[in-house]
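Below is one structure; the comments refer to it alone.
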Amino acid sequence: MDTASRTLPKIREHPWDWGTKNEYEEVTLREQPYLHGHYRNKYYKTEYDIYDPRYTAVRSSEWDAFRDPKKFWYTPYVYNRKKLSDQVEGIFNRGISLEVYSRTAPEWVGLSAALYIPMRHYEYAGALQLQHVVRYAMGCPIEQAATFTAFDKQGRAQWISLWGIEFPGTKTDTALEAGKRLWMDDESYRLIREYMEQLLITDDWAEVLFALHMAIEPLVSTLLYRDLNQLALSHGDIVLPELNLVSEEQVAWQDQWIQKFFEFIVLDPCMNRWDYLKVLGYENWPGDYRWGHTLTDPRETPEDPRTNAAIVQEWADHWLPKAMAAVLPLQNLFDRANVDFSVSDSVIRTWEQTIKPTMAKLGLTAQR
Amino acid sequence: MEEYVGMDLDKNAGDMISAIIEALQESDERVVADDLGVFIKVRAPGRMELRREAVEDKLGRVWSMDDLQVCMASYFGYIQDWDEDHVIIAWGA
Amino acid sequence: MNTKQKYKALTRDLMWEPKSVDMRRMFPLVAVEGIHLKDPSRWEDPFRMTFDQYVRIQSEKDHLHHAIRSAYEVNYGHARVVDGRWFEGVKAFAVAVQPAEYAAHRLMAYIGRNIPIEAIRFATFNQAVDELRHAQIEIKHYADMSKYYDGLHAYSKTNENLWFNTVPKSFFDDALTAGPFEALIAISFSFEYVFTNILFLPFSSSAAAVGDEHFAAMGKSVQSDESRHMALGMAALKMLLEEDDRNVPIVQKWIDKWYWRAYRIFSVISTLVDYYPRIRSISWKRAFEMYVEEQVMGGLFRDLKRYGIRPPRNFEDSVKEKEHYSHATMRILEHYKHANYFRGFTLQTDDYEWLGNEYPNTFKRYYEPFFRKMDDNVMAVAPPGLPAVCAVCQIPCEFPDPDHPERPWTQYAEYNDKTHMFCSPGCKQIFLDEPQKYQQWWWPAESYLNGEFGGSLEEMFKYFGFAPEEANEYYTSRDYHRWIRYREELGLDKRFDPKVVS
Ligand SMILES: [Fe+2]
Ligand SMILES: [Fe+2]
Ligand SMILES: [Zn+2]
């Protein structure tokens with residue numbers, strides 16, 4: 001008998017008691033502890049616990065129940081992004097060898113530089129505020145997706161920088177400096193820059209996800225990474241559209257999980273911040289001796305009488321019109337370069353085809 | 001006691017490790033290598049420089065400094081410089 | 001452009017001075033700790049990692065690692081180690097380190113968000129992603145173990161509620177609630193630079209020696225990321241020291257605190273070096289001398305003198321304790337093994353021999369009698385109830401004074417009409433420096449007394465997430481018998497006499 005091929009009996013099929021179904025769940029669920037944080041913040045929200053449901057206004061009956069539709073955990077994420085990174089390297093190398101930009105229409109070279117290079121600041125600011133989400137969001141399933149999204153954004157900011165240096169930038173960083181001047185001082189970028197500045201002082205982590213990924217990102221990423229591809233090709237640029245395809249692959253995943261996330265929140269009728277403790281097995285919990293049944297005295301932080309849907313609707317009313325207004329002035333750049341393209345067509349199409357239906361699916365309205 | 005700098009190299013990386021050690025010792029005979037089971041500790045007083053070309057020479061193939069990250073389990077000292085051609089670890093930088 | 005210029009271009013000048021909001025609202029924690037920065041933009045991550053490099057290098061590391069892991073899993077590597085008691089040590093490591101990795105992941109994101117220095121931020125963010133890697137590749141090992149052995153199946157519940165787990169948890173909770181610069185010194189410098197070597201390398205060597213290939217590979221692969229984290233810690237430390245003289249006393253205070261804080265959570269690691277492996281690669285004492293005394297104090301702190309930085313306040317105490325540390329800690333673990341989710345074990349003849357030889361000054365005289373008594377009757381010296389623990393590090397206050405090993409080192413202090421208890425002078429000092437913070441700690445014993453864990457022993461174990469049969473002594477446990485059975489199934493119990501073959 002071949003003993004080496006014997007199958008050993010297991011004492012349990014799944015490693016953890018909470019019914020994980022696959023590898024992603026095994027390494028993601030309940031990574032974050034929910035109880036018995038030792039100390040409270042010394043400087044920021046000093047009354048709050050380390051992982052505290054009050055860092056956002058919305059509530060969940062089970063914070064750990066969110067699932068990334070692509071089931072990214074570290075290893076599959078890194079493998080996948082390595083593939084994308086190799087593609088980008090190939091695109092750049094071919095673009096350089098074929099001297100694509102020597103045959104690209106000069107008005108497009110100037111326009112694409114003015115349009116893409118400043119956006120490295122947009123991507124970077126998003127990544128920065130997503131780090132706030134990574135720290136304060138509830139549960140690993142949500143913050144893990146935010147982590148990879150932030151890392152993607154860092155990556156895109158670097159790809160754009162590299163492209164800016166290699167192609168329109170004639171291999172120096174002067175193109176990046178020019179891009180930053182546009183971002184800081186050009187009227188075309190003022191509103192989008194201010195939008196990101198407002199985002200960076202937004203405290204509620206779920207609101208950050210809304211403002212960034214439900215409002216501005218669909219408009220910006222559709223414009224940059226999809227709608228301009230044909231225009232670029234018609235001017236003889238094959239580098240940027242290929243780079244855009246890679247970026248779009250990242251963005252598609254981000255849109256997917258964000259929509260799932262807001263479904264997860266808006267469709268949850270939970271009105272009590274502490275409900276999530278029940279599914280964690282603390283349904284008969286007498287409470288932490290330090291703060292009682294909840295992490296704080298309920299009189300000090302009363303429950304919000306609004307439903308999750310109403311809260312998200314308020315965010316939508318606040319951020320959506322601002323996002324629309326922020327992207328439209330980019331039209332100036334096209335007009336200046338004498339390139340025929342309508343930013344407002346792109347933006348309205350995204351509004352009609354993506355934002356409105358997404359909001360409708362959540363039972364919410366979108367006003368611009 | 002002398003102020004040593006050095007690296008802990010993962011033995012799983014095989015010939016890459018011996019090439020790195022040889023390259024280090026060739027440029028500085030004060031480099032010593034101790035076998036500590038799953039890794040090898042290389043150290044030198046004060047300063048240590050690893051050059052890509054020297055490693056390629058020993059290996060007989062193309063080698064990138066990024067590969068060092070895969071096999072360097074740890075180090076001690078300051079990383080004074082790290083680029084595609086060399087790594088310098090030293091004190092007093 | 002060469003690597004350096006390109007790295008700069010890709011990672012710098014991406015953030016801007018905001019015009020529509022106040023910079024201080026955007027980075028509200030920059031000034032709260034009294035740190036002064038003049039021109040921090042000149043600092044950089046010595047590794048000069050970019051996104052593309054990161055995903056390439058890391059996916060290569062993961063390919064190598066997961067190949068070893070899969071082979072280990074399909075070949076039942078767990079049944080092939082020289083002694084199954086090793087896995088009790090792995091369980092201890094699991095719960096001491098893996099949740100800490102996850103906490104470090106959240107912590108590095110916090111630091112990166114709040115420190116307005118771009119080059120350091122990209123390194124902190126790489127580290128935030130690395131720490132998630134560590135949490136996940138480590139938990140893969142425990143997930144596989146959990147299918148064959150006790151104790152791990154309610155992993156995170158145990159982590160939330162068990163007295164032992166408060167030790168590592170309180171360490172990272174302490175950093176997570178500190179200001180961003182303190183957190184950076186706490187983790188990147190004190191934890192990563194001073195201690196991670198001793199965390200991963202000796203235990204990996206032991207893993208290889210006892211035949212746990214998966215763990216050995218994991219330790220080395222994790223530690224290869226730590227090299228970057230150490231470099232970040234050094235860069236951060238030098239930046240703070242060189243930016244402004246006023247930072248020096250603040251940084252010294254943090255080094256004092258976090259040295260002892262980190263050193264104390266390594267107490268359990270000392271038992272994993274000296275006790276759990278049946279074949280050891282090195283002793284705690286020797287590892288401490290090599291990694292901490294020689295590399296850190298001999299090298300680094302000599303170098304830091306020119307900034308006016310001296311070795312950490314309680315450094316000498318840790319040196320004095322090196323011949324006692326693992327024995328005193330193992331004695332604590334043995335004391336409470338009936339209420340812990342990893343087991344103690346009866347020392348074997350070869351263990352007594354090794355410990356006596358490695359620790360000629362202390363083991364036989366102070367510790368062997370205790371372990372002998374444990375052998376005679378497992379419960380003979382088991383105390384009732386739960387331990388009285390240190391209000392800072394939360395380890396039971398049962399460390400001997402290294403100057404007088406027959407006396408306890410326990411210290412007391414009054415604060416807010418309450419007597420607080422500490423394991424050592426180092427912990428007492430830390431408490432007295434920030435009593436408001438430390439008086440908030442969650443004390444499991446008080447929790448039990450207040451009924452949070454129910455009224456009965458059964459309910460208490462339910463809360464811990466494991467059954468009493470999963471605790472106690474290894475060689476009389478069901479896990480030991482399982483391990484023997486697995487080996488029989490695989491034919492590993494057979495012995496072949498070499499003479500018969502030749
Ligand atoms: Fe780590
Ligand atoms: Fe680390
Ligand atoms: Zn203590």
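Labels for the structure tokens follow display order: chains A, B, ..., residues from 1 in each chain, ligands from 1.
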
Problem - Contacts of Ala216 (chain C) at 8 Å (only C-alpha atoms; same-chain gap of 2+ positions) as a list in words - result: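 In the requested form, the answer reads Val38 of chain B; Phe203, Ser204, Ser205, Ser206, Ala207, Ala208, Asp212, Glu213, His214, Met218, Gly219 and Lys220 of chain C.
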
Practice task
Extract, using only C-alpha atoms, all DNA, RNA and protein residues at most 10 Å from Asn284 (chain A), discarding same-chain residues fewer than 2 positions from it, and format them as an MDAnalysis selection string.
Solution key: (chainID A and resid 277:278 281:282 286:287 293) or (chainID C and resid 452 454)

Residues of the last selection are to be written out with C-alpha atoms, as a PDB file, in the first residue's frame.
```pdb
ATOM      1  CA  LEU A 277     -22.330  42.842  18.054  1.00  0.00           C
ATOM      2  CA  LYS A 278     -25.205  40.330  17.949  1.00  0.00           C
ATOM      3  CA  GLY A 281     -21.873  36.040  19.113  1.00  0.00           C
ATOM      4  CA  TYR A 282     -22.328  38.741  21.731  1.00  0.00           C
ATOM      5  CA  PRO A 286     -23.759  42.102  29.536  1.00  0.00           C
ATOM      6  CA  GLY A 287     -21.288  44.716  28.349  1.00  0.00           C
ATOM      7  CA  HIS A 293     -23.474  47.471  27.092  1.00  0.00           C
TER       8      HIS A 293
ATOM      9  CA  GLU C 452     -19.035  39.736  31.351  1.00  0.00           C
ATOM     10  CA  GLY C 454     -21.003  34.539  32.391  1.00  0.00           C
TER      11      GLY C 454
END
```

Practice task
Write out as a ChimeraX atom specification each polymer residue (protein, DNA or RNA) that has an atom no more than 8 Å from ligand 2, with only C-alpha atoms and all ligand atoms counted.
Solution key: /C:101,104,127,130-131,187-188,192,196,222-223,225-226,229-230

Problem - Distance filter 12 Å, only C-alpha atoms, chain B against chain C, as a ChimeraX atom specification - result: /B:1-13,35-41,43-47,64-93

Please save C-alpha atoms of the selected residues as a PDB file, in the first residue's frame.
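Result file follows (again-v5.pdb):
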```pdb
ATOM      1  CA  MET B   1      33.414  45.773  20.149  1.00  0.00           C
ATOM      2  CA  GLU B   2      33.529  46.849  16.512  1.00  0.00           C
ATOM      3  CA  GLU B   3      30.501  48.370  14.853  1.00  0.00           C
ATOM      4  CA  TYR B   4      29.489  45.832  12.299  1.00  0.00           C
ATOM      5  CA  VAL B   5      27.125  46.252   9.399  1.00  0.00           C
ATOM      6  CA  GLY B   6      25.731  43.352   7.457  1.00  0.00           C
ATOM      7  CA  MET B   7      22.887  41.317   6.040  1.00  0.00           C
ATOM      8  CA  ASP B   8      21.040  38.099   6.783  1.00  0.00           C
ATOM      9  CA  LEU B   9      20.659  36.161   3.537  1.00  0.00           C
ATOM     10  CA  ASP B  10      18.063  33.457   2.981  1.00  0.00           C
ATOM     11  CA  LYS B  11      19.770  30.175   2.088  1.00  0.00           C
ATOM     12  CA  ASN B  12      16.778  29.108  -0.031  1.00  0.00           C
ATOM     13  CA  ALA B  13      18.005  31.498  -2.697  1.00  0.00           C
ATOM     14  CA  ASP B  35      26.038  29.969   8.670  1.00  0.00           C
ATOM     15  CA  LEU B  36      23.080  30.299  11.030  1.00  0.00           C
ATOM     16  CA  GLY B  37      20.907  27.451   9.832  1.00  0.00           C
ATOM     17  CA  VAL B  38      18.296  28.828   7.475  1.00  0.00           C
ATOM     18  CA  PHE B  39      20.248  31.957   6.689  1.00  0.00           C
ATOM     19  CA  ILE B  40      23.774  33.241   6.385  1.00  0.00           C
ATOM     20  CA  LYS B  41      24.883  36.316   8.235  1.00  0.00           C
ATOM     21  CA  ARG B  43      29.112  41.239   8.217  1.00  0.00           C
ATOM     22  CA  ALA B  44      31.935  43.694   7.906  1.00  0.00           C
ATOM     23  CA  PRO B  45      33.236  46.421  10.192  1.00  0.00           C
ATOM     24  CA  GLY B  46      31.753  49.834   9.429  1.00  0.00           C
ATOM     25  CA  ARG B  47      30.794  49.574   5.786  1.00  0.00           C
ATOM     26  CA  SER B  64      19.023  42.824 -10.699  1.00  0.00           C
ATOM     27  CA  MET B  65      19.290  44.632  -7.379  1.00  0.00           C
ATOM     28  CA  ASP B  66      15.565  43.963  -6.923  1.00  0.00           C
ATOM     29  CA  ASP B  67      16.489  40.294  -6.520  1.00  0.00           C
ATOM     30  CA  LEU B  68      18.364  41.232  -3.374  1.00  0.00           C
ATOM     31  CA  GLN B  69      15.049  42.154  -1.783  1.00  0.00           C
ATOM     32  CA  VAL B  70      13.779  38.636  -2.319  1.00  0.00           C
ATOM     33  CA  CYS B  71      16.717  37.002  -0.542  1.00  0.00           C
ATOM     34  CA  MET B  72      17.790  39.590   2.032  1.00  0.00           C
ATOM     35  CA  ALA B  73      15.909  38.471   5.135  1.00  0.00           C
ATOM     36  CA  SER B  74      17.317  41.320   7.184  1.00  0.00           C
ATOM     37  CA  TYR B  75      20.204  43.773   7.500  1.00  0.00           C
ATOM     38  CA  PHE B  76      21.910  45.940  10.092  1.00  0.00           C
ATOM     39  CA  GLY B  77      23.416  49.382   9.664  1.00  0.00           C
ATOM     40  CA  TYR B  78      22.088  52.316   7.630  1.00  0.00           C
ATOM     41  CA  ILE B  79      21.256  51.812   4.013  1.00  0.00           C
ATOM     42  CA  GLN B  80      23.269  54.689   2.735  1.00  0.00           C
ATOM     43  CA  ASP B  81      22.510  54.131  -0.915  1.00  0.00           C
ATOM     44  CA  TRP B  82      20.472  51.703  -2.965  1.00  0.00           C
ATOM     45  CA  ASP B  83      20.146  51.925  -6.698  1.00  0.00           C
ATOM     46  CA  GLU B  84      20.311  49.653  -9.742  1.00  0.00           C
ATOM     47  CA  ASP B  85      24.124  49.392  -9.568  1.00  0.00           C
ATOM     48  CA  HIS B  86      24.993  49.072  -5.913  1.00  0.00           C
ATOM     49  CA  VAL B  87      23.908  48.962  -2.290  1.00  0.00           C
ATOM     50  CA  ILE B  88      25.940  50.537   0.490  1.00  0.00           C
ATOM     51  CA  ILE B  89      25.272  49.757   4.144  1.00  0.00           C
ATOM     52  CA  ALA B  90      27.274  51.788   6.646  1.00  0.00           C
ATOM     53  CA  TRP B  91      27.242  53.442  10.016  1.00  0.00           C
ATOM     54  CA  GLY B  92      27.714  57.132  10.571  1.00  0.00           C
ATOM     55  CA  ALA B  93      25.933  58.139   7.392  1.00  0.00           C
TER      56      ALA B  93
END
```

Exercise for the section: Fewer than 6 positions away in the same chain doesn't count, so skip those; otherwise give me all residues within 8 Å of Trp63 (chain B), counting only C-alpha atoms, as an NGL selection string. Expected result: :B and (52 or 55-56)

Residues as selected, N, CA, C and O atoms, written as a CSV table (one decimal), in the first residue's frame, can you do that?
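Final output, saved to result-v4.csv:
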```
chain,number,residue,atom,x,y,z
B,52,ARG,N,26.2,45.3,-8.3
B,52,ARG,CA,25.5,44.4,-9.2
B,52,ARG,C,26.4,43.7,-10.2
B,52,ARG,O,26.3,42.4,-10.3
B,55,VAL,N,28.2,40.7,-8.7
B,55,VAL,CA,27.3,39.6,-8.5
B,55,VAL,C,27.1,38.9,-9.9
B,55,VAL,O,27.1,37.6,-10.0
B,56,GLU,N,26.8,39.7,-10.9
B,56,GLU,CA,26.6,39.1,-12.2
B,56,GLU,C,27.8,38.3,-12.7
B,56,GLU,O,27.7,37.2,-13.3
```

Ligand 3: which residues are within 10 Å, counting only C-alpha atoms and all ligand atoms? Reply as a short mmCIF file (atom, residue, chain, number, x, y, z; two decimals) with N, CA and C atoms, in the first residue's frame.
```cif
data_model
loop_
_atom_site.label_atom_id
_atom_site.label_comp_id
_atom_site.auth_asym_id
_atom_site.auth_seq_id
_atom_site.Cartn_x
_atom_site.Cartn_y
_atom_site.Cartn_z
N VAL C 167 -1.97 40.82 25.86
CA VAL C 167 -0.56 41.26 25.91
C VAL C 167 -0.14 41.90 24.58
N TRP C 260 10.96 49.17 26.06
CA TRP C 260 10.52 48.24 27.10
C TRP C 260 9.19 47.58 26.73
N ARG C 261 8.34 48.38 26.12
CA ARG C 261 7.04 47.85 25.69
C ARG C 261 7.25 46.69 24.71
N TYR C 263 10.08 44.99 24.17
CA TYR C 263 10.83 43.92 24.83
C TYR C 263 9.90 43.02 25.62
N ARG C 264 8.94 43.59 26.30
CA ARG C 264 8.04 42.79 27.13
C ARG C 264 7.15 41.87 26.30
N ILE C 265 6.65 42.31 25.15
CA ILE C 265 5.83 41.37 24.39
C ILE C 265 6.68 40.25 23.80
N VAL C 389 -2.30 40.72 36.61
CA VAL C 389 -1.37 41.07 35.54
C VAL C 389 -0.88 42.50 35.65
N CYS C 390 0.19 42.78 34.94
CA CYS C 390 0.80 44.10 34.92
C CYS C 390 -0.14 45.08 34.20
N ALA C 391 -0.30 46.26 34.79
CA ALA C 391 -1.23 47.24 34.22
C ALA C 391 -0.71 47.86 32.93
N VAL C 392 0.53 47.56 32.56
CA VAL C 392 1.04 48.09 31.29
C VAL C 392 1.17 46.97 30.26
N CYS C 393 2.05 46.02 30.51
CA CYS C 393 2.26 44.98 29.49
C CYS C 393 1.24 43.85 29.60
N GLN C 394 0.58 43.73 30.74
CA GLN C 394 -0.51 42.78 30.97
C GLN C 394 -0.08 41.31 31.05
N ILE C 395 1.21 41.12 31.29
CA ILE C 395 1.70 39.78 31.57
C ILE C 395 1.54 39.56 33.08
N PRO C 396 1.20 38.35 33.51
CA PRO C 396 1.11 38.12 34.95
C PRO C 396 2.37 38.61 35.67
N CYS C 397 2.16 39.24 36.82
CA CYS C 397 3.30 39.81 37.56
C CYS C 397 4.06 38.71 38.27
N GLU C 398 4.80 37.92 37.53
CA GLU C 398 5.53 36.81 38.15
C GLU C 398 6.97 36.75 37.65
N PHE C 399 7.52 37.91 37.35
CA PHE C 399 8.93 37.94 36.95
C PHE C 399 9.79 38.14 38.18
N THR C 410 7.79 42.60 41.13
CA THR C 410 6.52 43.33 41.10
C THR C 410 6.61 44.71 41.75
N GLN C 411 6.02 45.70 41.10
CA GLN C 411 6.05 47.09 41.56
C GLN C 411 4.62 47.60 41.73
N MET C 421 -0.58 47.67 39.65
CA MET C 421 0.49 46.69 39.84
C MET C 421 1.27 46.52 38.53
N PHE C 422 2.58 46.34 38.64
CA PHE C 422 3.41 46.24 37.44
C PHE C 422 4.41 45.11 37.57
N CYS C 423 4.79 44.56 36.42
CA CYS C 423 5.68 43.40 36.42
C CYS C 423 7.12 43.80 36.68
N SER C 424 7.45 45.08 36.46
CA SER C 424 8.86 45.48 36.47
C SER C 424 8.96 46.99 36.60
N PRO C 425 10.15 47.49 36.96
CA PRO C 425 10.32 48.95 37.02
C PRO C 425 10.06 49.61 35.66
N GLY C 426 10.42 48.93 34.57
CA GLY C 426 10.21 49.49 33.23
C GLY C 426 8.74 49.79 33.00
N CYS C 427 7.87 48.84 33.31
CA CYS C 427 6.45 49.05 33.08
C CYS C 427 5.88 50.11 34.03
N LYS C 428 6.38 50.13 35.26
CA LYS C 428 5.89 51.14 36.20
C LYS C 428 6.19 52.56 35.70
N GLN C 429 7.41 52.75 35.20
CA GLN C 429 7.79 54.06 34.67
C GLN C 429 6.86 54.47 33.52
N ILE C 430 6.57 53.51 32.65
CA ILE C 430 5.72 53.80 31.50
C ILE C 430 4.34 54.25 31.97
N PHE C 431 3.84 53.57 32.98
CA PHE C 431 2.53 53.94 33.54
C PHE C 431 2.58 55.36 34.11
#
```

Exercise for the section: Mind giving me the straight-line distance from CA of Val100 (chain A) to CA of Ser161 (chain A) in Å, one decimal? Expected result: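 Interatomic distance, CA of Val100 (chain A) to CA of Ser161 (chain A): 17.9 Å.
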
Practice task
Mind checking which residues fall within 12 Å of Ala114 (chain A), counting only C-alpha atoms, ignoring those fewer than 6 positions away in the same chain, and posting them as a list in words?
Solution key: Glu107, Trp108, Arg120, Ile160, Gly164, Pro168, Gly169, Ala175, Leu176, Glu177, Ala178, Gly179, Lys180, Arg181, Leu182, Trp183, Asp186, Ser188, Tyr189, Leu224, Leu330, Gln331, Asn332, Leu333, Phe334, Arg336 and Ala337 of chain A

Next, write the just-selected residues to a file, as a CSV table (one decimal), in the first residue's frame, keeping N, CA, C and O atoms as the atom set.
```
chain,number,residue,atom,x,y,z
A,107,GLU,N,-0.9,69.0,-31.3
A,107,GLU,CA,-2.0,69.6,-30.5
A,107,GLU,C,-2.5,68.5,-29.5
A,107,GLU,O,-2.8,68.9,-28.4
A,108,TRP,N,-2.4,67.3,-29.9
A,108,TRP,CA,-2.8,66.2,-29.0
A,108,TRP,C,-1.8,66.0,-27.9
A,108,TRP,O,-2.1,65.8,-26.7
A,120,ARG,N,-2.4,63.3,-11.8
A,120,ARG,CA,-1.7,62.5,-10.9
A,120,ARG,C,-1.9,63.0,-9.4
A,120,ARG,O,-2.0,62.3,-8.5
A,160,ILE,N,1.0,57.7,-14.6
A,160,ILE,CA,0.8,59.0,-15.3
A,160,ILE,C,2.1,59.8,-15.2
A,160,ILE,O,2.5,60.4,-16.2
A,164,GLY,N,4.2,60.9,-18.4
A,164,GLY,CA,4.5,62.3,-18.5
A,164,GLY,C,5.9,62.6,-18.8
A,164,GLY,O,6.3,63.4,-19.6
A,168,PRO,N,5.3,63.1,-23.4
A,168,PRO,CA,5.2,64.5,-23.7
A,168,PRO,C,6.4,65.3,-23.0
A,168,PRO,O,6.7,66.4,-23.4
A,169,GLY,N,6.9,64.7,-22.0
A,169,GLY,CA,7.9,65.4,-21.2
A,169,GLY,C,9.3,65.4,-21.6
A,169,GLY,O,10.2,65.9,-20.9
A,175,ALA,N,7.8,68.3,-17.3
A,175,ALA,CA,6.4,68.1,-17.7
A,175,ALA,C,5.6,68.0,-16.4
A,175,ALA,O,4.4,68.5,-16.3
A,176,LEU,N,6.2,67.3,-15.4
A,176,LEU,CA,5.4,67.2,-14.1
A,176,LEU,C,5.3,68.5,-13.4
A,176,LEU,O,4.2,68.8,-12.8
A,177,GLU,N,6.3,69.3,-13.5
A,177,GLU,CA,6.2,70.6,-12.9
A,177,GLU,C,5.2,71.5,-13.5
A,177,GLU,O,4.4,72.2,-12.9
A,178,ALA,N,5.1,71.4,-14.9
A,178,ALA,CA,4.1,72.2,-15.6
A,178,ALA,C,2.7,71.7,-15.2
A,178,ALA,O,1.8,72.5,-15.1
A,179,GLY,N,2.6,70.4,-15.1
A,179,GLY,CA,1.3,69.8,-14.7
A,179,GLY,C,0.8,70.3,-13.4
A,179,GLY,O,-0.3,70.6,-13.1
A,180,LYS,N,1.8,70.4,-12.4
A,180,LYS,CA,1.4,70.8,-11.1
A,180,LYS,C,1.0,72.3,-11.1
A,180,LYS,O,0.0,72.7,-10.4
A,181,ARG,N,1.6,73.1,-12.0
A,181,ARG,CA,1.2,74.5,-12.1
A,181,ARG,C,-0.2,74.6,-12.6
A,181,ARG,O,-1.0,75.4,-12.1
A,182,LEU,N,-0.5,73.8,-13.6
A,182,LEU,CA,-1.9,73.8,-14.1
A,182,LEU,C,-2.9,73.4,-12.9
A,182,LEU,O,-3.9,74.1,-12.7
A,183,TRP,N,-2.5,72.3,-12.2
A,183,TRP,CA,-3.4,71.9,-11.2
A,183,TRP,C,-3.6,73.0,-10.1
A,183,TRP,O,-4.7,73.2,-9.6
A,186,ASP,N,-4.5,76.9,-12.7
A,186,ASP,CA,-5.3,77.0,-13.9
A,186,ASP,C,-6.8,76.9,-13.5
A,186,ASP,O,-7.2,76.0,-12.7
A,188,SER,N,-9.2,75.9,-15.1
A,188,SER,CA,-9.8,74.6,-15.5
A,188,SER,C,-9.8,73.6,-14.4
A,188,SER,O,-10.6,72.7,-14.3
A,189,TYR,N,-8.8,73.7,-13.5
A,189,TYR,CA,-8.7,72.7,-12.4
A,189,TYR,C,-9.1,73.1,-11.1
A,189,TYR,O,-9.1,72.4,-10.1
A,224,LEU,N,-11.3,60.2,-18.6
A,224,LEU,CA,-9.8,60.0,-18.8
A,224,LEU,C,-9.5,58.6,-19.4
A,224,LEU,O,-8.7,58.5,-20.3
A,330,LEU,N,-12.9,71.4,-17.4
A,330,LEU,CA,-11.8,70.8,-18.2
A,330,LEU,C,-12.0,71.1,-19.6
A,330,LEU,O,-11.0,71.0,-20.4
A,331,GLN,N,-13.2,71.4,-20.0
A,331,GLN,CA,-13.5,71.8,-21.4
A,331,GLN,C,-12.5,72.9,-21.9
A,331,GLN,O,-12.1,72.8,-23.1
A,332,ASN,N,-12.1,73.8,-21.1
A,332,ASN,CA,-11.2,74.9,-21.4
A,332,ASN,C,-9.9,74.3,-22.1
A,332,ASN,O,-9.4,74.9,-23.0
A,333,LEU,N,-9.4,73.2,-21.6
A,333,LEU,CA,-8.2,72.6,-22.1
A,333,LEU,C,-8.3,72.2,-23.5
A,333,LEU,O,-7.4,72.4,-24.4
A,334,PHE,N,-9.5,71.6,-23.9
A,334,PHE,CA,-9.8,71.2,-25.3
A,334,PHE,C,-9.9,72.5,-26.2
A,334,PHE,O,-9.3,72.5,-27.3
A,336,ARG,N,-8.7,75.4,-25.7
A,336,ARG,CA,-7.4,76.1,-25.9
A,336,ARG,C,-6.5,75.3,-26.9
A,336,ARG,O,-5.8,76.0,-27.7
A,337,ALA,N,-6.6,74.0,-26.9
A,337,ALA,CA,-5.8,73.2,-27.9
A,337,ALA,C,-6.5,73.1,-29.2
A,337,ALA,O,-5.9,72.5,-30.1
```
